[in-house]
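Have a look at entry03.tsv; it's TSV, C-alpha atoms:
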chain	number	residue	atom	x	y	z
B	1	MET	CA	0.00	0.00	0.00
B	2	ALA	CA	1.49	3.29	-1.08
B	3	VAL	CA	1.34	6.52	0.90
B	4	THR	CA	-0.94	9.01	-0.85
B	5	LYS	CA	-2.21	12.53	-0.14
B	6	ALA	CA	-5.07	11.02	1.89
B	7	GLU	CA	-2.64	9.45	4.40
B	8	ILE	CA	-0.69	12.70	4.71
B	9	VAL	CA	-3.96	14.60	5.35
B	10	ASP	CA	-4.90	12.07	8.06
B	11	MET	CA	-1.47	12.40	9.66
B	12	LEU	CA	-1.83	16.22	9.88
B	13	PHE	CA	-5.34	15.77	11.26
B	14	ASP	CA	-4.06	13.34	13.92
B	15	THR	CA	-0.85	15.12	14.92
B	16	MET	CA	-1.89	18.78	14.63
B	17	GLY	CA	-5.63	18.72	15.09
B	18	LEU	CA	-6.14	20.68	11.88
B	19	ASN	CA	-9.58	20.04	10.41
B	20	LYS	CA	-9.67	17.80	7.36
B	21	ARG	CA	-10.40	20.66	4.97
B	22	GLU	CA	-7.44	22.73	6.22
B	23	ALA	CA	-5.15	19.70	6.28
B	24	LYS	CA	-6.12	18.82	2.70
B	25	GLY	CA	-5.54	22.41	1.59
B	26	ILE	CA	-2.08	22.51	3.17
B	27	VAL	CA	-1.02	19.17	1.64
B	28	GLU	CA	-2.20	20.29	-1.79
B	29	SER	CA	-0.60	23.69	-1.42
B	30	PHE	CA	2.71	22.00	-0.47
B	31	PHE	CA	2.94	19.83	-3.59
B	32	ASP	CA	1.36	22.44	-5.90
B	33	SER	CA	3.79	25.15	-4.75
B	34	ILE	CA	6.79	22.89	-5.40
B	35	ARG	CA	5.39	21.94	-8.82
B	36	GLU	CA	4.62	25.53	-9.82
B	37	THR	CA	8.05	26.72	-8.73
B	38	LEU	CA	9.75	24.01	-10.81
B	39	ALA	CA	7.46	24.85	-13.74
B	40	ARG	CA	8.69	28.48	-13.46
B	41	GLY	CA	12.21	27.15	-13.94
B	42	GLU	CA	13.28	27.58	-10.32
B	43	GLU	CA	14.83	24.78	-8.26
B	44	VAL	CA	13.45	23.82	-4.84
B	45	LYS	CA	15.74	23.06	-1.89
B	46	LEU	CA	14.23	21.43	1.17
B	47	SER	CA	16.99	21.25	3.76
B	48	GLY	CA	17.15	17.91	5.55
B	49	PHE	CA	15.07	16.25	2.83
B	50	GLY	CA	16.49	16.94	-0.59
B	51	ASN	CA	16.70	19.21	-3.61
B	52	PHE	CA	14.56	19.19	-6.73
B	53	THR	CA	16.78	20.40	-9.53
B	54	LEU	CA	16.20	21.05	-13.23
B	55	ARG	CA	18.34	19.64	-16.02
B	56	GLU	CA	18.36	20.57	-19.66
B	57	LYS	CA	18.66	17.49	-21.85
B	58	ASN	CA	20.01	17.75	-25.37
B	59	PRO	CA	18.24	15.93	-28.19
B	60	ARG	CA	19.54	12.38	-28.57
B	61	PRO	CA	18.84	9.40	-30.79
B	62	GLY	CA	16.55	6.76	-29.43
B	63	ARG	CA	14.30	4.02	-30.62
B	64	ASN	CA	10.82	2.79	-29.92
B	65	PRO	CA	11.48	-0.29	-27.81
B	66	LYS	CA	8.39	-2.01	-29.20
B	67	THR	CA	8.86	-1.44	-32.92
B	68	GLY	CA	12.62	-0.78	-33.04
B	69	VAL	CA	11.96	2.33	-35.17
B	70	GLU	CA	14.66	4.99	-34.66
B	71	ILE	CA	13.51	8.42	-33.57
B	72	THR	CA	15.09	11.56	-32.14
B	73	ILE	CA	14.30	12.23	-28.50
B	74	THR	CA	13.73	15.98	-28.46
B	75	ALA	CA	15.53	18.45	-26.17
B	76	ARG	CA	13.71	18.74	-22.88
B	77	ARG	CA	13.87	20.03	-19.35
B	78	VAL	CA	13.54	17.41	-16.63
B	79	VAL	CA	13.25	17.38	-12.83
B	80	THR	CA	15.72	15.37	-10.79
B	81	PHE	CA	15.62	14.79	-7.03
B	82	HIS	CA	18.78	14.66	-4.96
B	83	PRO	CA	18.12	13.32	-1.47
B	84	SER	CA	20.01	15.14	1.32
B	85	GLN	CA	22.84	13.47	3.25
B	86	LYS	CA	20.47	13.40	6.20
B	87	LEU	CA	17.71	11.53	4.31
B	88	LYS	CA	20.19	9.09	2.75
B	89	ALA	CA	21.61	8.30	6.18
B	90	TYR	CA	18.13	8.05	7.68
B	91	VAL	CA	16.82	5.45	5.23
B	92	ASN	CA	19.98	3.43	5.85
B	93	GLY	CA	19.27	3.43	9.58
B	94	ARG	CA	22.09	5.79	10.53
B	95	SER	CA	22.26	9.27	11.93
B	96	GLU	CA	24.05	11.82	9.74
B	97	GLN	CA	27.08	11.95	12.07
B	98	GLN	CA	27.87	8.26	11.58
B	99	SER	CA	27.75	8.40	7.79
I	1	MET	CA	13.42	28.35	-3.52
I	2	THR	CA	14.16	27.28	0.02
I	3	LYS	CA	11.93	25.66	2.61
I	4	SER	CA	11.17	28.99	4.30
I	5	GLU	CA	10.24	30.56	0.94
I	6	LEU	CA	7.99	27.58	0.22
I	7	ILE	CA	6.30	28.08	3.58
I	8	LYS	CA	5.68	31.77	2.75
I	9	LEU	CA	4.20	30.80	-0.61
I	10	MET	CA	1.88	28.23	1.03
I	11	SER	CA	0.95	30.76	3.69
I	12	ALA	CA	-0.11	33.25	1.00
I	13	GLN	CA	-2.54	30.61	-0.32
I	14	TYR	CA	-3.79	29.78	3.18
I	15	PRO	CA	-4.06	33.16	4.93
I	16	HIS	CA	-6.53	31.82	7.52
I	17	VAL	CA	-3.99	29.26	8.82
I	18	SER	CA	-1.16	30.76	10.89
I	19	ILE	CA	2.32	30.67	9.35
I	20	ARG	CA	3.48	28.78	12.46
I	21	ASP	CA	0.99	26.00	11.69
I	22	ILE	CA	2.07	25.89	8.03
I	23	GLU	CA	5.68	25.66	9.18
I	24	LEU	CA	4.85	22.86	11.62
I	25	ALA	CA	2.73	21.02	9.03
I	26	THR	CA	5.60	21.23	6.52
I	27	ARG	CA	8.00	19.74	9.06
I	28	HIS	CA	5.50	16.96	9.88
I	29	MET	CA	5.00	16.21	6.16
I	30	LEU	CA	8.75	15.96	5.43
I	31	ASP	CA	9.28	13.77	8.52
I	32	TYR	CA	6.35	11.58	7.50
I	33	LEU	CA	7.70	11.15	3.96
I	34	SER	CA	11.16	10.33	5.36
I	35	ASP	CA	9.66	7.75	7.73
I	36	ALA	CA	7.67	6.14	4.91
I	37	LEU	CA	10.80	5.83	2.79
I	38	ARG	CA	12.74	4.36	5.69
I	39	GLU	CA	10.00	1.73	6.02
I	40	ASN	CA	10.42	1.08	2.29
I	41	GLU	CA	6.91	2.33	1.60
I	42	ARG	CA	6.19	3.88	-1.76
I	43	ILE	CA	4.77	7.43	-1.83
I	44	GLU	CA	2.47	8.32	-4.72
I	45	ILE	CA	1.27	11.88	-5.21
I	46	ARG	CA	-1.01	12.16	-8.23
I	47	GLY	CA	0.25	14.76	-10.71
I	48	PHE	CA	3.44	15.36	-8.72
I	49	GLY	CA	5.33	12.10	-8.71
I	50	SER	CA	6.33	9.11	-6.66
I	51	PHE	CA	9.09	8.45	-4.17
I	52	SER	CA	10.44	4.98	-3.58
I	53	LEU	CA	13.49	3.32	-2.13
I	54	HIS	CA	16.02	1.72	-4.45
I	55	ILE	CA	17.82	-1.06	-2.64
I	56	ARG	CA	21.22	-2.16	-3.89
I	57	PRO	CA	21.96	-5.56	-2.38
I	58	GLU	CA	25.14	-6.21	-0.42
I	59	LYS	CA	27.94	-7.49	-2.56
I	60	GLN	CA	31.50	-8.68	-2.57
I	61	GLY	CA	33.70	-5.83	-3.82
I	62	ARG	CA	37.38	-5.06	-3.96
I	63	ASN	CA	39.54	-2.29	-2.62
I	64	PRO	CA	40.66	-0.76	-5.94
I	65	LYS	CA	44.06	0.16	-4.49
I	66	THR	CA	45.07	-3.14	-2.91
I	67	GLY	CA	42.81	-5.58	-4.74
I	68	GLU	CA	41.77	-6.86	-1.35
I	69	PRO	CA	38.22	-8.27	-1.26
I	70	VAL	CA	35.82	-6.24	0.88
I	71	TRP	CA	32.18	-6.72	1.76
I	72	VAL	CA	30.01	-3.85	0.46
I	73	PRO	CA	26.86	-3.64	2.62
I	74	GLU	CA	23.35	-3.16	1.24
I	75	LYS	CA	22.70	0.44	0.26
I	76	ARG	CA	19.32	2.17	0.20
I	77	VAL	CA	18.78	5.25	-1.95
I	78	PRO	CA	15.62	7.39	-2.08
I	79	HIS	CA	14.39	7.80	-5.65
I	80	PHE	CA	11.90	10.28	-7.15
I	81	LYS	CA	10.04	9.78	-10.40
I	82	PRO	CA	8.23	12.93	-11.59
I	83	GLY	CA	4.56	12.49	-12.43
I	84	LYS	CA	3.09	13.23	-15.84
I	85	GLU	CA	1.72	16.66	-14.93
I	86	LEU	CA	4.99	17.82	-13.33
I	87	ARG	CA	7.01	16.48	-16.26
I	88	GLU	CA	4.82	18.24	-18.79
I	89	GLN	CA	4.61	21.55	-16.95
I	90	VAL	CA	8.38	21.73	-16.49
I	91	ASP	CA	9.05	20.86	-20.13
I	92	TYR	CA	6.36	23.15	-21.58
I	93	ALA	CA	7.82	26.01	-19.55
I	94	ARG	CA	11.11	25.40	-21.34
I	95	ALA	CA	9.41	25.15	-24.74
I	96	ASP	CA	7.60	28.46	-24.10
I	97	VAL	CA	10.85	30.27	-23.35
I	98	GLN	CA	12.58	28.90	-26.44
I	99	GLY	CA	9.72	28.88	-28.86
Could I get this structure in the form of structure tokens?
Amino acid sequence: MAVTKAEIVDMLFDTMGLNKREAKGIVESFFDSIRETLARGEEVKLSGFGNFTLREKNPRPGRNPKTGVEITITARRVVTFHPSQKLKAYVNGRSEQQS
Amino acid sequence: MTKSELIKLMSAQYPHVSIRDIELATRHMLDYLSDALRENERIEIRGFGSFSLHIRPEKQGRNPKTGEPVWVPEKRVPHFKPGKELREQVDYARADVQG
């Protein structure tokens, strides 16, 4: 079972006592604000969690894996996420100091 | 954009919730997402993207200097895959600037 917005809303309701409508608004505003900022071409840095950065990709040759037909993959801008040292250590069961 | 700037942006959308509560909610959300990843739970936010844990199994490696065999422990890395909407918005923004 994956964590979705609904679980995050419930967590805010349980831990902060925000009403469901407020909690839902805040969760949506959080993800929407990050998305809109990236769409404006600005990177988002969340200390302790990670950075969402933007990369410009040059056009490159590719092929349709199903048909094998060669095509050019057009130039594009993509989002990449770089987890912080703290998050990387955390998911490996260490504190940052030990890493 | 930093975390504090994100909080200000969210606060502008939610003027009836105190900025302190938005700040606290943001901290709770980032902690909750970090905990989910540590538990190897997938996070799926429609339109934004999904976070998951990539687990590289432990393996037998070698010290490149001495050639001595060493045991490389399992490594867990948080991974983000942008959702369709985020991918499109970020790329269209680029296309708008260039075209």
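Every residue of chain I that lies within 6 Å of chain B is listed here, counting only C-alpha atoms: Met1, Thr2, Lys3, Met10, Arg38, Arg42, Ile43, Glu44, Ile45, Arg76, Phe80, Gln89, Val90, Asp91 and Ala93 of chain I.
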With C-alpha atoms retained, export the selected residues as a PDB file, keeping the file's coordinate frame.
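Written out: out.pdb:
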ATOM      1  CA  MET I   1      13.420  28.350  -3.520  1.00  0.00           C
ATOM      2  CA  THR I   2      14.160  27.280   0.020  1.00  0.00           C
ATOM      3  CA  LYS I   3      11.930  25.660   2.610  1.00  0.00           C
ATOM      4  CA  MET I  10       1.880  28.230   1.030  1.00  0.00           C
ATOM      5  CA  ARG I  38      12.740   4.360   5.690  1.00  0.00           C
ATOM      6  CA  ARG I  42       6.190   3.880  -1.760  1.00  0.00           C
ATOM      7  CA  ILE I  43       4.770   7.430  -1.830  1.00  0.00           C
ATOM      8  CA  GLU I  44       2.470   8.320  -4.720  1.00  0.00           C
ATOM      9  CA  ILE I  45       1.270  11.880  -5.210  1.00  0.00           C
ATOM     10  CA  ARG I  76      19.320   2.170   0.200  1.00  0.00           C
ATOM     11  CA  PHE I  80      11.900  10.280  -7.150  1.00  0.00           C
ATOM     12  CA  GLN I  89       4.610  21.550 -16.950  1.00  0.00           C
ATOM     13  CA  VAL I  90       8.380  21.730 -16.490  1.00  0.00           C
ATOM     14  CA  ASP I  91       9.050  20.860 -20.130  1.00  0.00           C
ATOM     15  CA  ALA I  93       7.820  26.010 -19.550  1.00  0.00           C
TER      16      ALA I  93
END
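Note that atom CA of Lys57 of chain B and atom CA of Lys81 of chain I are 16.3 Å apart.
Atom CA of Val69 of chain B is found 26.0 Å from atom CA of Gly83 of chain I.
Atom CA of Glu41 of chain I to atom CA of Leu53 of chain I spans 7.6 Å [interatomic distance, one decimal].
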In terms of all atoms listed in the file, the residue from I:Lys65, I:His16, I:Lys8, I:Lys84 at minimal distance from Arg46 of chain I is I:Lys84
Distance query Trp71 of chain I at most 7 Å, all atoms listed in the file, self and fewer than 6 positions along chain excluded, as an mmCIF file with C-alpha atoms, in the frame of the given file:
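What landed in out.cif:
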data_model
loop_
_atom_site.group_PDB
_atom_site.id
_atom_site.type_symbol
_atom_site.label_atom_id
_atom_site.label_comp_id
_atom_site.auth_asym_id
_atom_site.auth_seq_id
_atom_site.Cartn_x
_atom_site.Cartn_y
_atom_site.Cartn_z
ATOM 1 C CA LYS I 59 27.940 -7.490 -2.560
ATOM 2 C CA GLN I 60 31.500 -8.680 -2.570
ATOM 3 C CA GLY I 61 33.700 -5.830 -3.820
#
Non-local contacts of Ile19 of chain I (8 Å; only C-alpha atoms; under 3 positions in same chain excluded) as a ChimeraX atom specification: /I:7-8,11,22-23
Would you mind exporting segment 2-96 of chain B with C-alpha atoms, as a PDB file, in the first residue's frame?
ATOM      1  CA  ALA B   2       1.495   3.294  -1.081  1.00  0.00           C
ATOM      2  CA  VAL B   3       1.339   6.516   0.904  1.00  0.00           C
ATOM      3  CA  THR B   4      -0.938   9.011  -0.851  1.00  0.00           C
ATOM      4  CA  LYS B   5      -2.205  12.534  -0.137  1.00  0.00           C
ATOM      5  CA  ALA B   6      -5.071  11.022   1.886  1.00  0.00           C
ATOM      6  CA  GLU B   7      -2.641   9.454   4.403  1.00  0.00           C
ATOM      7  CA  ILE B   8      -0.694  12.704   4.713  1.00  0.00           C
ATOM      8  CA  VAL B   9      -3.957  14.597   5.346  1.00  0.00           C
ATOM      9  CA  ASP B  10      -4.903  12.067   8.061  1.00  0.00           C
ATOM     10  CA  MET B  11      -1.468  12.398   9.655  1.00  0.00           C
ATOM     11  CA  LEU B  12      -1.831  16.218   9.876  1.00  0.00           C
ATOM     12  CA  PHE B  13      -5.343  15.773  11.261  1.00  0.00           C
ATOM     13  CA  ASP B  14      -4.056  13.338  13.924  1.00  0.00           C
ATOM     14  CA  THR B  15      -0.847  15.125  14.922  1.00  0.00           C
ATOM     15  CA  MET B  16      -1.892  18.782  14.626  1.00  0.00           C
ATOM     16  CA  GLY B  17      -5.629  18.725  15.088  1.00  0.00           C
ATOM     17  CA  LEU B  18      -6.136  20.677  11.879  1.00  0.00           C
ATOM     18  CA  ASN B  19      -9.575  20.044  10.413  1.00  0.00           C
ATOM     19  CA  LYS B  20      -9.667  17.799   7.357  1.00  0.00           C
ATOM     20  CA  ARG B  21     -10.397  20.661   4.974  1.00  0.00           C
ATOM     21  CA  GLU B  22      -7.444  22.729   6.222  1.00  0.00           C
ATOM     22  CA  ALA B  23      -5.147  19.701   6.278  1.00  0.00           C
ATOM     23  CA  LYS B  24      -6.121  18.818   2.702  1.00  0.00           C
ATOM     24  CA  GLY B  25      -5.539  22.413   1.595  1.00  0.00           C
ATOM     25  CA  ILE B  26      -2.082  22.510   3.168  1.00  0.00           C
ATOM     26  CA  VAL B  27      -1.018  19.169   1.644  1.00  0.00           C
ATOM     27  CA  GLU B  28      -2.199  20.288  -1.786  1.00  0.00           C
ATOM     28  CA  SER B  29      -0.600  23.686  -1.423  1.00  0.00           C
ATOM     29  CA  PHE B  30       2.706  22.002  -0.473  1.00  0.00           C
ATOM     30  CA  PHE B  31       2.938  19.832  -3.592  1.00  0.00           C
ATOM     31  CA  ASP B  32       1.360  22.436  -5.901  1.00  0.00           C
ATOM     32  CA  SER B  33       3.787  25.151  -4.753  1.00  0.00           C
ATOM     33  CA  ILE B  34       6.785  22.892  -5.401  1.00  0.00           C
ATOM     34  CA  ARG B  35       5.395  21.942  -8.816  1.00  0.00           C
ATOM     35  CA  GLU B  36       4.619  25.530  -9.824  1.00  0.00           C
ATOM     36  CA  THR B  37       8.052  26.717  -8.728  1.00  0.00           C
ATOM     37  CA  LEU B  38       9.749  24.013 -10.814  1.00  0.00           C
ATOM     38  CA  ALA B  39       7.462  24.849 -13.740  1.00  0.00           C
ATOM     39  CA  ARG B  40       8.689  28.478 -13.463  1.00  0.00           C
ATOM     40  CA  GLY B  41      12.214  27.148 -13.940  1.00  0.00           C
ATOM     41  CA  GLU B  42      13.277  27.582 -10.323  1.00  0.00           C
ATOM     42  CA  GLU B  43      14.831  24.784  -8.258  1.00  0.00           C
ATOM     43  CA  VAL B  44      13.449  23.816  -4.840  1.00  0.00           C
ATOM     44  CA  LYS B  45      15.735  23.064  -1.889  1.00  0.00           C
ATOM     45  CA  LEU B  46      14.232  21.432   1.166  1.00  0.00           C
ATOM     46  CA  SER B  47      16.992  21.250   3.764  1.00  0.00           C
ATOM     47  CA  GLY B  48      17.150  17.914   5.548  1.00  0.00           C
ATOM     48  CA  PHE B  49      15.068  16.246   2.834  1.00  0.00           C
ATOM     49  CA  GLY B  50      16.492  16.936  -0.594  1.00  0.00           C
ATOM     50  CA  ASN B  51      16.701  19.209  -3.611  1.00  0.00           C
ATOM     51  CA  PHE B  52      14.559  19.195  -6.726  1.00  0.00           C
ATOM     52  CA  THR B  53      16.782  20.404  -9.532  1.00  0.00           C
ATOM     53  CA  LEU B  54      16.205  21.046 -13.233  1.00  0.00           C
ATOM     54  CA  ARG B  55      18.336  19.637 -16.019  1.00  0.00           C
ATOM     55  CA  GLU B  56      18.363  20.573 -19.664  1.00  0.00           C
ATOM     56  CA  LYS B  57      18.655  17.492 -21.845  1.00  0.00           C
ATOM     57  CA  ASN B  58      20.006  17.752 -25.374  1.00  0.00           C
ATOM     58  CA  PRO B  59      18.239  15.932 -28.187  1.00  0.00           C
ATOM     59  CA  ARG B  60      19.539  12.377 -28.570  1.00  0.00           C
ATOM     60  CA  PRO B  61      18.842   9.398 -30.793  1.00  0.00           C
ATOM     61  CA  GLY B  62      16.545   6.762 -29.426  1.00  0.00           C
ATOM     62  CA  ARG B  63      14.300   4.017 -30.622  1.00  0.00           C
ATOM     63  CA  ASN B  64      10.819   2.786 -29.920  1.00  0.00           C
ATOM     64  CA  PRO B  65      11.479  -0.292 -27.809  1.00  0.00           C
ATOM     65  CA  LYS B  66       8.387  -2.014 -29.203  1.00  0.00           C
ATOM     66  CA  THR B  67       8.856  -1.440 -32.919  1.00  0.00           C
ATOM     67  CA  GLY B  68      12.616  -0.782 -33.040  1.00  0.00           C
ATOM     68  CA  VAL B  69      11.964   2.330 -35.165  1.00  0.00           C
ATOM     69  CA  GLU B  70      14.660   4.994 -34.664  1.00  0.00           C
ATOM     70  CA  ILE B  71      13.505   8.418 -33.572  1.00  0.00           C
ATOM     71  CA  THR B  72      15.093  11.560 -32.140  1.00  0.00           C
ATOM     72  CA  ILE B  73      14.302  12.226 -28.500  1.00  0.00           C
ATOM     73  CA  THR B  74      13.735  15.981 -28.461  1.00  0.00           C
ATOM     74  CA  ALA B  75      15.528  18.455 -26.168  1.00  0.00           C
ATOM     75  CA  ARG B  76      13.707  18.743 -22.878  1.00  0.00           C
ATOM     76  CA  ARG B  77      13.870  20.031 -19.347  1.00  0.00           C
ATOM     77  CA  VAL B  78      13.538  17.405 -16.630  1.00  0.00           C
ATOM     78  CA  VAL B  79      13.253  17.376 -12.833  1.00  0.00           C
ATOM     79  CA  THR B  80      15.722  15.371 -10.787  1.00  0.00           C
ATOM     80  CA  PHE B  81      15.616  14.795  -7.033  1.00  0.00           C
ATOM     81  CA  HIS B  82      18.777  14.662  -4.963  1.00  0.00           C
ATOM     82  CA  PRO B  83      18.122  13.321  -1.470  1.00  0.00           C
ATOM     83  CA  SER B  84      20.007  15.142   1.318  1.00  0.00           C
ATOM     84  CA  GLN B  85      22.839  13.466   3.247  1.00  0.00           C
ATOM     85  CA  LYS B  86      20.471  13.397   6.200  1.00  0.00           C
ATOM     86  CA  LEU B  87      17.707  11.526   4.314  1.00  0.00           C
ATOM     87  CA  LYS B  88      20.194   9.091   2.749  1.00  0.00           C
ATOM     88  CA  ALA B  89      21.612   8.295   6.177  1.00  0.00           C
ATOM     89  CA  TYR B  90      18.133   8.046   7.684  1.00  0.00           C
ATOM     90  CA  VAL B  91      16.825   5.452   5.225  1.00  0.00           C
ATOM     91  CA  ASN B  92      19.984   3.427   5.851  1.00  0.00           C
ATOM     92  CA  GLY B  93      19.268   3.434   9.583  1.00  0.00           C
ATOM     93  CA  ARG B  94      22.089   5.793  10.527  1.00  0.00           C
ATOM     94  CA  SER B  95      22.255   9.274  11.929  1.00  0.00           C
ATOM     95  CA  GLU B  96      24.046  11.816   9.737  1.00  0.00           C
TER      96      GLU B  96
END
